[in-house]
$ cat run_33.csv   # CSV, C-alpha atoms
chain,number,residue,atom,x,y,z
V,8,MET,CA,-134.7,-28.1,51.0
V,9,GLU,CA,-135.9,-27.6,54.6
V,10,ASN,CA,-134.8,-24.5,56.5
V,11,ILE,CA,-132.2,-26.1,58.8
V,12,HIS,CA,-130.7,-23.7,61.4
V,13,ASN,CA,-127.8,-24.1,63.8
V,14,LEU,CA,-129.1,-22.5,67.0
V,15,MET,CA,-125.6,-22.3,68.4
V,16,GLU,CA,-124.8,-19.4,66.1
V,17,GLU,CA,-127.1,-17.0,68.0
V,18,THR,CA,-125.9,-18.4,71.4
V,19,VAL,CA,-122.2,-18.0,70.6
V,20,LEU,CA,-122.7,-14.5,69.1
V,21,SER,CA,-124.5,-13.4,72.3
V,22,HIS,CA,-121.6,-14.7,74.4
V,23,VAL,CA,-119.1,-13.1,72.1
V,24,ASN,CA,-120.7,-9.7,72.3
V,25,ASP,CA,-121.2,-9.9,76.1
V,26,LEU,CA,-117.6,-10.8,76.7
V,27,TYR,CA,-116.2,-8.2,74.3
V,28,ASP,CA,-118.3,-5.5,76.0
V,29,GLN,CA,-117.1,-6.7,79.5
V,30,ALA,CA,-113.4,-6.7,78.4
V,31,LYS,CA,-113.8,-3.2,76.9
V,32,ALA,CA,-115.5,-1.9,80.1
V,33,ARG,CA,-112.6,-3.3,82.2
V,34,ASN,CA,-110.0,-1.9,79.8
V,35,ALA,CA,-108.4,-5.4,79.4
V,36,ALA,CA,-104.7,-4.9,78.5
V,37,TRP,CA,-104.9,-7.6,75.8
V,38,LEU,CA,-107.9,-6.2,74.1
V,39,THR,CA,-106.7,-4.0,71.2
V,40,CYS,CA,-109.8,-4.1,69.1
V,41,ASP,CA,-113.5,-5.0,69.5
V,42,CYS,CA,-114.7,-4.2,66.0
V,43,LYS,CA,-117.4,-6.2,64.3
V,44,ASN,CA,-114.9,-8.2,62.2
V,45,CYS,CA,-112.9,-9.2,65.2
V,46,ARG,CA,-116.2,-10.3,66.9
V,47,LEU,CA,-117.3,-12.3,63.9
V,48,ASP,CA,-113.8,-14.0,63.7
V,49,THR,CA,-114.1,-14.9,67.3
V,50,ALA,CA,-117.5,-16.4,66.8
V,51,SER,CA,-116.2,-18.5,63.9
V,52,TYR,CA,-113.4,-19.7,66.1
V,53,VAL,CA,-115.8,-20.9,68.8
V,54,LEU,CA,-118.4,-22.4,66.4
V,55,ASN,CA,-115.6,-24.5,64.7
V,56,ARG,CA,-114.8,-26.0,68.1
V,57,ILE,CA,-118.3,-26.9,69.5
V,58,PRO,CA,-120.9,-29.3,68.2
V,59,PRO,CA,-123.8,-27.7,66.3
V,60,ARG,CA,-127.4,-27.9,67.5
V,61,TYR,CA,-129.7,-28.0,64.5
V,62,VAL,CA,-133.4,-27.2,64.5
V,63,VAL,CA,-136.1,-27.2,61.8
V,64,SER,CA,-139.2,-26.1,63.7
V,65,GLY,CA,-140.4,-23.8,66.4
V,66,ARG,CA,-140.8,-26.8,68.7
V,67,GLY,CA,-137.1,-27.6,68.1
V,68,VAL,CA,-136.1,-24.1,69.0
V,69,THR,CA,-138.1,-24.2,72.2
V,70,TYR,CA,-136.6,-27.5,73.4
V,71,SER,CA,-133.1,-26.4,72.4
V,72,ASN,CA,-133.4,-23.0,74.1
V,73,ALA,CA,-134.6,-24.8,77.3
V,74,PHE,CA,-131.6,-27.1,77.1
V,75,LEU,CA,-129.1,-24.3,76.6
V,76,ASN,CA,-130.6,-21.9,79.2
V,77,GLY,CA,-130.5,-24.6,81.8
V,78,ASN,CA,-127.0,-26.0,81.1
V,79,SER,CA,-124.4,-24.0,83.0
V,80,GLN,CA,-121.6,-26.2,81.8
V,81,VAL,CA,-122.3,-25.5,78.1
V,82,SER,CA,-122.3,-21.8,78.9
V,83,ALA,CA,-119.0,-22.0,80.7
V,84,ASP,CA,-117.4,-24.0,77.9
V,85,ILE,CA,-118.5,-21.4,75.4
V,86,ASP,CA,-117.2,-18.5,77.5
V,87,LYS,CA,-113.9,-20.3,77.9
V,88,LEU,CA,-113.6,-20.7,74.1
V,89,VAL,CA,-114.7,-17.1,73.5
V,90,ILE,CA,-112.0,-15.7,75.8
V,91,GLU,CA,-109.4,-18.0,74.1
V,92,GLY,CA,-110.6,-16.9,70.6
V,93,MET,CA,-110.6,-13.2,71.6
V,94,LYS,CA,-107.0,-13.3,72.6
V,95,ILE,CA,-105.9,-15.2,69.5
V,96,ILE,CA,-107.9,-12.8,67.2
V,97,ASN,CA,-106.5,-9.7,68.9
V,98,SER,CA,-102.9,-11.0,68.7
V,99,ALA,CA,-103.2,-11.7,64.9
V,100,LYS,CA,-105.8,-9.4,63.4
V,101,ARG,CA,-106.5,-9.6,59.7
V,102,PRO,CA,-105.5,-6.6,57.5
V,103,TYR,CA,-109.1,-5.6,56.9
V,104,HIS,CA,-110.3,-6.1,60.4
V,105,ARG,CA,-111.6,-2.5,60.8
V,106,GLU,CA,-113.3,-2.3,57.4
V,107,GLN,CA,-117.0,-3.0,56.8
V,108,ARG,CA,-117.8,-6.3,55.2
V,109,ILE,CA,-119.7,-4.7,52.3
V,110,ASN,CA,-120.9,-7.1,49.6
V,111,MET,CA,-119.1,-5.9,46.4
V,112,ALA,CA,-121.4,-7.8,44.0
V,113,PRO,CA,-123.5,-5.6,41.7
V,114,SER,CA,-127.2,-5.3,42.6
V,115,VAL,CA,-129.2,-7.9,40.8
V,116,LYS,CA,-132.9,-7.3,40.3
V,117,PRO,CA,-135.3,-10.3,40.1
V,118,GLU,CA,-135.8,-9.8,36.4
V,119,THR,CA,-132.1,-9.7,35.6
V,120,PHE,CA,-129.6,-12.5,35.1
V,121,ALA,CA,-126.0,-13.2,36.0
V,122,PHE,CA,-123.1,-15.6,35.8
V,123,HIS,CA,-122.3,-16.7,39.4
V,124,PHE,CA,-118.9,-18.1,40.0
V,125,PRO,CA,-117.8,-20.9,42.3
V,126,VAL,CA,-115.1,-20.5,44.9
V,127,PHE,CA,-111.7,-21.0,43.5
V,128,GLU,CA,-109.2,-22.9,45.7
V,129,GLY,CA,-105.7,-24.0,45.2
V,130,ASN,CA,-102.3,-24.5,46.8
V,131,ILE,CA,-98.9,-22.9,46.3
V,132,LEU,CA,-96.0,-25.4,46.8
V,133,ASP,CA,-92.2,-25.2,46.9
V,134,GLY,CA,-91.1,-26.8,43.6
V,135,GLN,CA,-88.1,-28.6,45.2
V,136,THR,CA,-89.4,-29.7,48.6
V,137,PHE,CA,-93.1,-30.0,47.6
V,138,GLU,CA,-93.9,-28.3,50.9
V,139,PRO,CA,-96.7,-25.7,51.2
V,140,LEU,CA,-95.2,-22.2,50.6
V,141,ALA,CA,-96.1,-19.4,53.0
V,142,GLY,CA,-95.7,-15.7,52.1
V,143,ALA,CA,-96.6,-16.0,48.4
V,144,GLN,CA,-98.8,-13.3,46.8
V,145,VAL,CA,-101.5,-14.8,44.6
V,146,LYS,CA,-103.6,-12.7,42.2
V,147,LEU,CA,-106.7,-13.8,40.2
V,148,ASN,CA,-107.1,-12.1,36.8
V,149,LEU,CA,-109.8,-12.2,34.1
V,150,ASN,CA,-109.0,-10.8,30.7
V,151,GLY,CA,-105.8,-9.3,32.1
V,152,SER,CA,-107.4,-7.4,34.9
V,153,ALA,CA,-107.7,-8.2,38.6
V,154,VAL,CA,-111.0,-9.7,39.5
V,155,LYS,CA,-113.2,-7.9,42.0
V,156,MET,CA,-114.1,-10.1,45.0
V,157,MET,CA,-117.4,-10.5,46.8
V,158,ASP,CA,-116.2,-8.5,49.9
V,159,ILE,CA,-113.1,-7.5,51.8
V,160,THR,CA,-112.8,-11.0,53.4
V,161,TRP,CA,-111.8,-12.3,50.0
V,162,PRO,CA,-108.7,-10.2,49.2
V,163,ASN,CA,-107.2,-10.1,45.7
V,164,PRO,CA,-104.3,-10.5,45.6
V,165,CYS,CA,-104.1,-12.7,48.7
V,166,SER,CA,-101.3,-14.1,50.7
V,167,THR,CA,-100.5,-17.7,51.6
V,168,TYR,CA,-99.8,-18.8,55.2
V,169,GLY,CA,-98.2,-21.7,56.9
V,170,THR,CA,-101.2,-22.2,59.1
V,171,THR,CA,-103.4,-22.8,56.1
V,172,LYS,CA,-100.7,-24.9,54.3
V,173,GLY,CA,-100.2,-22.6,51.3
V,174,THR,CA,-103.9,-22.5,50.4
V,175,TYR,CA,-105.5,-19.6,48.6
V,176,THR,CA,-109.2,-19.0,47.9
V,177,PHE,CA,-111.1,-16.5,45.7
V,178,TRP,CA,-114.8,-15.7,45.4
V,179,ALA,CA,-115.4,-13.4,42.4
V,180,VAL,CA,-118.4,-11.1,42.0
V,181,PRO,CA,-121.0,-12.3,39.4
V,182,VAL,CA,-121.1,-11.0,35.9
V,183,GLU,CA,-124.3,-9.8,34.4
V,184,ALA,CA,-125.9,-11.8,31.6
V,185,GLU,CA,-128.6,-11.0,29.0
V,186,SER,CA,-130.8,-14.0,29.7
V,187,GLU,CA,-131.1,-17.2,31.7
V,188,GLY,CA,-129.5,-20.5,30.5
V,189,LEU,CA,-126.6,-18.9,28.6
V,190,VAL,CA,-123.3,-20.9,28.8
V,191,LYS,CA,-120.2,-18.8,28.7
V,192,LYS,CA,-116.5,-19.8,29.2
V,193,PHE,CA,-114.5,-17.5,31.4
V,194,ASN,CA,-110.7,-17.6,31.0
V,195,PHE,CA,-109.0,-16.9,34.3
V,196,SER,CA,-105.3,-16.7,35.2
V,197,ILE,CA,-103.5,-16.8,38.5
V,198,HIS,CA,-100.2,-15.0,39.0
V,199,VAL,CA,-98.0,-16.0,41.9
V,200,GLU,CA,-95.0,-14.2,43.3
V,201,SER,CA,-92.8,-14.8,46.4
V,202,GLU,CA,-89.6,-13.3,47.5
V,203,GLY,CA,-86.6,-15.4,46.4
V,204,TYR,CA,-88.7,-17.4,43.9
V,205,CYS,CA,-89.4,-17.2,40.2
V,206,PRO,CA,-93.0,-16.0,39.5
V,207,ALA,CA,-95.5,-18.5,38.1
V,208,ASP,CA,-98.8,-18.4,36.2
V,209,CYS,CA,-101.7,-20.8,35.9
V,210,ILE,CA,-104.4,-20.4,33.2
V,211,PHE,CA,-107.8,-22.2,33.6
V,212,THR,CA,-111.2,-22.0,31.9
V,213,VAL,CA,-114.5,-22.2,33.8
V,214,PRO,CA,-117.9,-22.7,32.0
V,215,VAL,CA,-120.7,-21.0,33.8
V,216,THR,CA,-124.5,-21.0,33.1
V,217,SER,CA,-126.4,-17.8,33.7
V,218,GLU,CA,-129.2,-17.9,36.3
V,219,THR,CA,-132.1,-15.7,37.5
V,220,ASN,CA,-131.8,-16.3,41.2
V,221,GLU,CA,-129.6,-14.0,43.2
V,222,LYS,CA,-126.8,-15.9,45.0
V,223,ARG,CA,-125.3,-14.1,47.9
V,224,ASP,CA,-124.6,-16.9,50.5
V,225,LEU,CA,-121.4,-18.8,50.3
V,226,ASP,CA,-121.9,-22.4,49.2
V,227,SER,CA,-118.8,-24.5,50.1
V,228,THR,CA,-120.0,-27.3,47.9
V,229,TYR,CA,-119.9,-25.1,44.8
V,230,SER,CA,-116.1,-24.8,44.3
V,231,VAL,CA,-113.4,-25.5,41.8
V,232,LYS,CA,-110.0,-26.9,42.8
V,233,ILE,CA,-107.2,-25.4,40.9
V,234,LYS,CA,-104.1,-27.6,40.2
V,235,ASP,CA,-101.2,-27.1,42.5
V,236,ILE,CA,-98.8,-24.3,41.5
V,237,PHE,CA,-95.1,-24.8,42.1
V,238,LEU,CA,-92.6,-22.0,42.7
V,239,PHE,CA,-88.9,-22.6,42.2
V,240,ARG,CA,-86.1,-20.6,43.9
V,241,LYS,CA,-84.3,-18.1,41.7
V,242,GLY,CA,-81.0,-19.4,40.4
V,243,THR,CA,-82.3,-23.0,40.0
V,244,GLU,CA,-82.6,-24.6,36.5
V,245,ASP,CA,-85.8,-26.4,37.3
V,246,GLU,CA,-89.1,-25.1,35.9
V,247,ASN,CA,-92.6,-26.3,36.3
V,248,GLU,CA,-94.0,-26.2,32.8
V,249,ASP,CA,-97.4,-27.5,34.1
V,250,ASN,CA,-98.0,-24.1,35.7
V,251,PHE,CA,-98.5,-22.5,32.3

$ encode --input "run_33.csv" --output "structure tokens"
Amino acid sequence: MENIHNLMEETVLSHVNDLYDQAKARNAAWLTCDCKNCRLDTASYVLNRIPPRYVVSGRGVTYSNAFLNGNSQVSADIDKLVIEGMKIINSAKRPYHREQRINMAPSVKPETFAFHFPVFEGNILDGQTFEPLAGAQVKLNLNGSAVKMMDITWPNPCSTYGTTKGTYTFWAVPVEAESEGLVKKFNFSIHVESEGYCPADCIFTVPVTSETNEKRDLDSTYSVKIKDIFLFRKGTEDENEDNF
């Protein structure tokens, strides 16, 4: 596959760092944190709201840079989104926002092998209304123990929120293998709790083939959708047997 690159990433990050530095120098009242994680969250906020500008060659980079450097409107639009994102991120910081995003995966040498897991994604729903349930605590286990995640941006257990419609995601660290091409089935379980609701569990099996290459970048196309998990309020007689 060709090396396709979105040039807007560097452009947006440059604007984000400049504006954070300016706000910090002015002691802006709304700026409560300018750590690396807050800056990265702000950059993600902006990049999700502007069209990408992809390049595959040096010539493409040259033309795109000329376009961006000479377009004051694009620069102004980016700055506006950055300020908007900064204020939103600073008003609702993530629990880990001051921690370093250290990759928790074990070091894999070129001559070693590992089972690399997909991203697990699912939804927690109210068993009576079928609406997404916010405030639930979701925990991913393997063989009875909590699974270690790739880094702090993938907490385990994690919480569900109304803004993400009760969705949870996990990205587990790889497990070492003896050789390439081995197929192993991993038996995972998900435990869910929420105040006022009966807890629920979901068990699923994922077959994984060991590989030699070291995977560290997130691949959104390599994911597994877990069936919806329904929670029922305590005191009700309904039970969702499909959760077990």

$ atom_distance --input "run_33.csv" --atom1 "CA of Phe193 in chain V" --atom2 "CA of Ser166 in chain V"
23.6 Å

$ closest_residue --input "run_33.csv" --among "V:Phe120, V:Tyr61, V:Tyr175, V:Phe127" --to "Leu189 in chain V" --atoms "all atoms listed in the file"
V:Phe120

$ residues_near_point --input "run_33.csv" --point "(-98.4, -17.3, 42.1)" --cutoff "12 Å" --atoms "all atoms listed in the file" --output "short mmCIF file (atom, residue, chain, number, x, y, z; two decimals) with C-alpha atoms, in the frame of the given file"
data_model
loop_
_atom_site.label_atom_id
_atom_site.label_comp_id
_atom_site.auth_asym_id
_atom_site.auth_seq_id
_atom_site.Cartn_x
_atom_site.Cartn_y
_atom_site.Cartn_z
CA GLY V 129 -105.70 -24.00 45.20
CA ASN V 130 -102.30 -24.50 46.80
CA ILE V 131 -98.90 -22.90 46.30
CA LEU V 132 -96.00 -25.40 46.80
CA ASP V 133 -92.20 -25.20 46.90
CA LEU V 140 -95.20 -22.20 50.60
CA ALA V 141 -96.10 -19.40 53.00
CA GLY V 142 -95.70 -15.70 52.10
CA ALA V 143 -96.60 -16.00 48.40
CA GLN V 144 -98.80 -13.30 46.80
CA VAL V 145 -101.50 -14.80 44.60
CA LYS V 146 -103.60 -12.70 42.20
CA LEU V 147 -106.70 -13.80 40.20
CA ASN V 148 -107.10 -12.10 36.80
CA ASN V 163 -107.20 -10.10 45.70
CA PRO V 164 -104.30 -10.50 45.60
CA CYS V 165 -104.10 -12.70 48.70
CA SER V 166 -101.30 -14.10 50.70
CA THR V 167 -100.50 -17.70 51.60
CA GLY V 173 -100.20 -22.60 51.30
CA THR V 174 -103.90 -22.50 50.40
CA TYR V 175 -105.50 -19.60 48.60
CA SER V 196 -105.30 -16.70 35.20
CA ILE V 197 -103.50 -16.80 38.50
CA HIS V 198 -100.20 -15.00 39.00
CA VAL V 199 -98.00 -16.00 41.90
CA GLU V 200 -95.00 -14.20 43.30
CA SER V 201 -92.80 -14.80 46.40
CA GLU V 202 -89.60 -13.30 47.50
CA TYR V 204 -88.70 -17.40 43.90
CA CYS V 205 -89.40 -17.20 40.20
CA PRO V 206 -93.00 -16.00 39.50
CA ALA V 207 -95.50 -18.50 38.10
CA ASP V 208 -98.80 -18.40 36.20
CA CYS V 209 -101.70 -20.80 35.90
CA ILE V 210 -104.40 -20.40 33.20
CA LYS V 234 -104.10 -27.60 40.20
CA ASP V 235 -101.20 -27.10 42.50
CA ILE V 236 -98.80 -24.30 41.50
CA PHE V 237 -95.10 -24.80 42.10
CA LEU V 238 -92.60 -22.00 42.70
CA PHE V 239 -88.90 -22.60 42.20
CA ASN V 250 -98.00 -24.10 35.70
CA PHE V 251 -98.50 -22.50 32.30
#

$ atom_distance --input "run_33.csv" --atom1 "CA of Thr176 in chain V" --atom2 "CA of Ala50 in chain V"
20.8 Å

$ atom_distance --input "run_33.csv" --atom1 "CA of Lys31 in chain V" --atom2 "CA of Pro162 in chain V"
29.0 Å

$ residues_around --input "run_33.csv" --residues "Ala184 in chain V" --least-positions-apart "2" --cutoff "7 Å" --atoms "all atoms listed in the file" --output "list in words"
Phe120, Ala121, Phe122, Val182, Ser186 and Ser217 of chain V

$ closest_residue --input "run_33.csv" --among "V:Ala179, V:Thr219, V:Ile96, V:Asp41" --to "Thr119 in chain V" --atoms "all atoms listed in the file"
V:Thr219

$ residues_around --input "run_33.csv" --residues "Thr216 in chain V" --least-positions-apart "3" --cutoff "8 Å" --atoms "only C-alpha atoms" --output "list in words"
Phe122, His123, Glu187, Gly188, Leu189, Val190 and Lys191 of chain V

$ residues_around --input "run_33.csv" --residues "Cys45 in chain V" --least-positions-apart "3" --cutoff "8 Å" --atoms "all atoms listed in the file" --output "CSV table (one decimal) with C-alpha atoms, keeping the file's coordinate frame"
chain,number,residue,atom,x,y,z
V,40,CYS,CA,-109.8,-4.1,69.1
V,41,ASP,CA,-113.5,-5.0,69.5
V,42,CYS,CA,-114.7,-4.2,66.0
V,48,ASP,CA,-113.8,-14.0,63.7
V,49,THR,CA,-114.1,-14.9,67.3
V,93,MET,CA,-110.6,-13.2,71.6
V,96,ILE,CA,-107.9,-12.8,67.2
V,97,ASN,CA,-106.5,-9.7,68.9
V,100,LYS,CA,-105.8,-9.4,63.4
V,104,HIS,CA,-110.3,-6.1,60.4

$ residues_around --input "run_33.csv" --residues "Leu20 in chain V" --least-positions-apart "6" --cutoff "12 Å" --atoms "all atoms listed in the file" --output "CSV table (one decimal) with C-alpha atoms, in the coordinates of the input"
chain,number,residue,atom,x,y,z
V,14,LEU,CA,-129.1,-22.5,67.0
V,26,LEU,CA,-117.6,-10.8,76.7
V,27,TYR,CA,-116.2,-8.2,74.3
V,43,LYS,CA,-117.4,-6.2,64.3
V,45,CYS,CA,-112.9,-9.2,65.2
V,46,ARG,CA,-116.2,-10.3,66.9
V,47,LEU,CA,-117.3,-12.3,63.9
V,48,ASP,CA,-113.8,-14.0,63.7
V,49,THR,CA,-114.1,-14.9,67.3
V,50,ALA,CA,-117.5,-16.4,66.8
V,51,SER,CA,-116.2,-18.5,63.9
V,52,TYR,CA,-113.4,-19.7,66.1
V,53,VAL,CA,-115.8,-20.9,68.8
V,54,LEU,CA,-118.4,-22.4,66.4
V,85,ILE,CA,-118.5,-21.4,75.4
V,86,ASP,CA,-117.2,-18.5,77.5
V,89,VAL,CA,-114.7,-17.1,73.5

$ closest_residue --input "run_33.csv" --among "V:Pro181, V:Gly169, V:Pro139, V:Gly203" --to "Val126 in chain V" --atoms "all atoms listed in the file"
V:Pro181

$ build_atoms --input "run_33.csv" --residues "range 27-42 of chain V" --atoms "N, CA and C atoms" --output "PDB file, in the frame of the given file"
ATOM      1  N   TYR V  27    -116.916  -9.344  74.891  1.00  0.00           N
ATOM      2  CA  TYR V  27    -116.200  -8.200  74.300  1.00  0.00           C
ATOM      3  C   TYR V  27    -116.551  -6.920  75.046  1.00  0.00           C
ATOM      4  N   ASP V  28    -117.844  -6.749  75.318  1.00  0.00           N
ATOM      5  CA  ASP V  28    -118.300  -5.500  76.000  1.00  0.00           C
ATOM      6  C   ASP V  28    -117.710  -5.489  77.436  1.00  0.00           C
ATOM      7  N   GLN V  29    -117.663  -6.639  78.109  1.00  0.00           N
ATOM      8  CA  GLN V  29    -117.100  -6.700  79.500  1.00  0.00           C
ATOM      9  C   GLN V  29    -115.610  -6.366  79.448  1.00  0.00           C
ATOM     10  N   ALA V  30    -114.889  -6.962  78.487  1.00  0.00           N
ATOM     11  CA  ALA V  30    -113.400  -6.700  78.400  1.00  0.00           C
ATOM     12  C   ALA V  30    -113.154  -5.254  78.090  1.00  0.00           C
ATOM     13  N   LYS V  31    -113.980  -4.663  77.233  1.00  0.00           N
ATOM     14  CA  LYS V  31    -113.800  -3.200  76.900  1.00  0.00           C
ATOM     15  C   LYS V  31    -114.079  -2.360  78.097  1.00  0.00           C
ATOM     16  N   ALA V  32    -115.116  -2.699  78.868  1.00  0.00           N
ATOM     17  CA  ALA V  32    -115.500  -1.900  80.100  1.00  0.00           C
ATOM     18  C   ALA V  32    -114.363  -1.979  81.110  1.00  0.00           C
ATOM     19  N   ARG V  33    -113.676  -3.114  81.190  1.00  0.00           N
ATOM     20  CA  ARG V  33    -112.600  -3.300  82.200  1.00  0.00           C
ATOM     21  C   ARG V  33    -111.252  -2.805  81.646  1.00  0.00           C
ATOM     22  N   ASN V  34    -111.219  -2.357  80.384  1.00  0.00           N
ATOM     23  CA  ASN V  34    -110.000  -1.900  79.800  1.00  0.00           C
ATOM     24  C   ASN V  34    -108.910  -3.037  79.830  1.00  0.00           C
ATOM     25  N   ALA V  35    -109.310  -4.237  79.440  1.00  0.00           N
ATOM     26  CA  ALA V  35    -108.400  -5.400  79.400  1.00  0.00           C
ATOM     27  C   ALA V  35    -107.160  -5.056  78.602  1.00  0.00           C
ATOM     28  N   ALA V  36    -105.973  -5.320  79.161  1.00  0.00           N
ATOM     29  CA  ALA V  36    -104.700  -4.900  78.500  1.00  0.00           C
ATOM     30  C   ALA V  36    -104.547  -5.644  77.151  1.00  0.00           C
ATOM     31  N   TRP V  37    -105.062  -6.868  77.036  1.00  0.00           N
ATOM     32  CA  TRP V  37    -104.900  -7.600  75.800  1.00  0.00           C
ATOM     33  C   TRP V  37    -105.874  -7.281  74.709  1.00  0.00           C
ATOM     34  N   LEU V  38    -106.918  -6.528  75.067  1.00  0.00           N
ATOM     35  CA  LEU V  38    -107.900  -6.200  74.100  1.00  0.00           C
ATOM     36  C   LEU V  38    -107.517  -4.946  73.302  1.00  0.00           C
ATOM     37  N   THR V  39    -107.099  -5.156  72.076  1.00  0.00           N
ATOM     38  CA  THR V  39    -106.700  -4.000  71.200  1.00  0.00           C
ATOM     39  C   THR V  39    -107.706  -3.619  70.222  1.00  0.00           C
ATOM     40  N   CYS V  40    -108.743  -4.435  70.030  1.00  0.00           N
ATOM     41  CA  CYS V  40    -109.800  -4.100  69.100  1.00  0.00           C
ATOM     42  C   CYS V  40    -111.048  -4.902  69.379  1.00  0.00           C
ATOM     43  N   ASP V  41    -112.201  -4.262  69.283  1.00  0.00           N
ATOM     44  CA  ASP V  41    -113.500  -5.000  69.500  1.00  0.00           C
ATOM     45  C   ASP V  41    -114.431  -4.695  68.338  1.00  0.00           C
ATOM     46  N   CYS V  42    -113.884  -4.500  67.133  1.00  0.00           N
ATOM     47  CA  CYS V  42    -114.700  -4.200  66.000  1.00  0.00           C
ATOM     48  C   CYS V  42    -115.576  -5.396  65.580  1.00  0.00           C
TER      49      CYS V  42
END
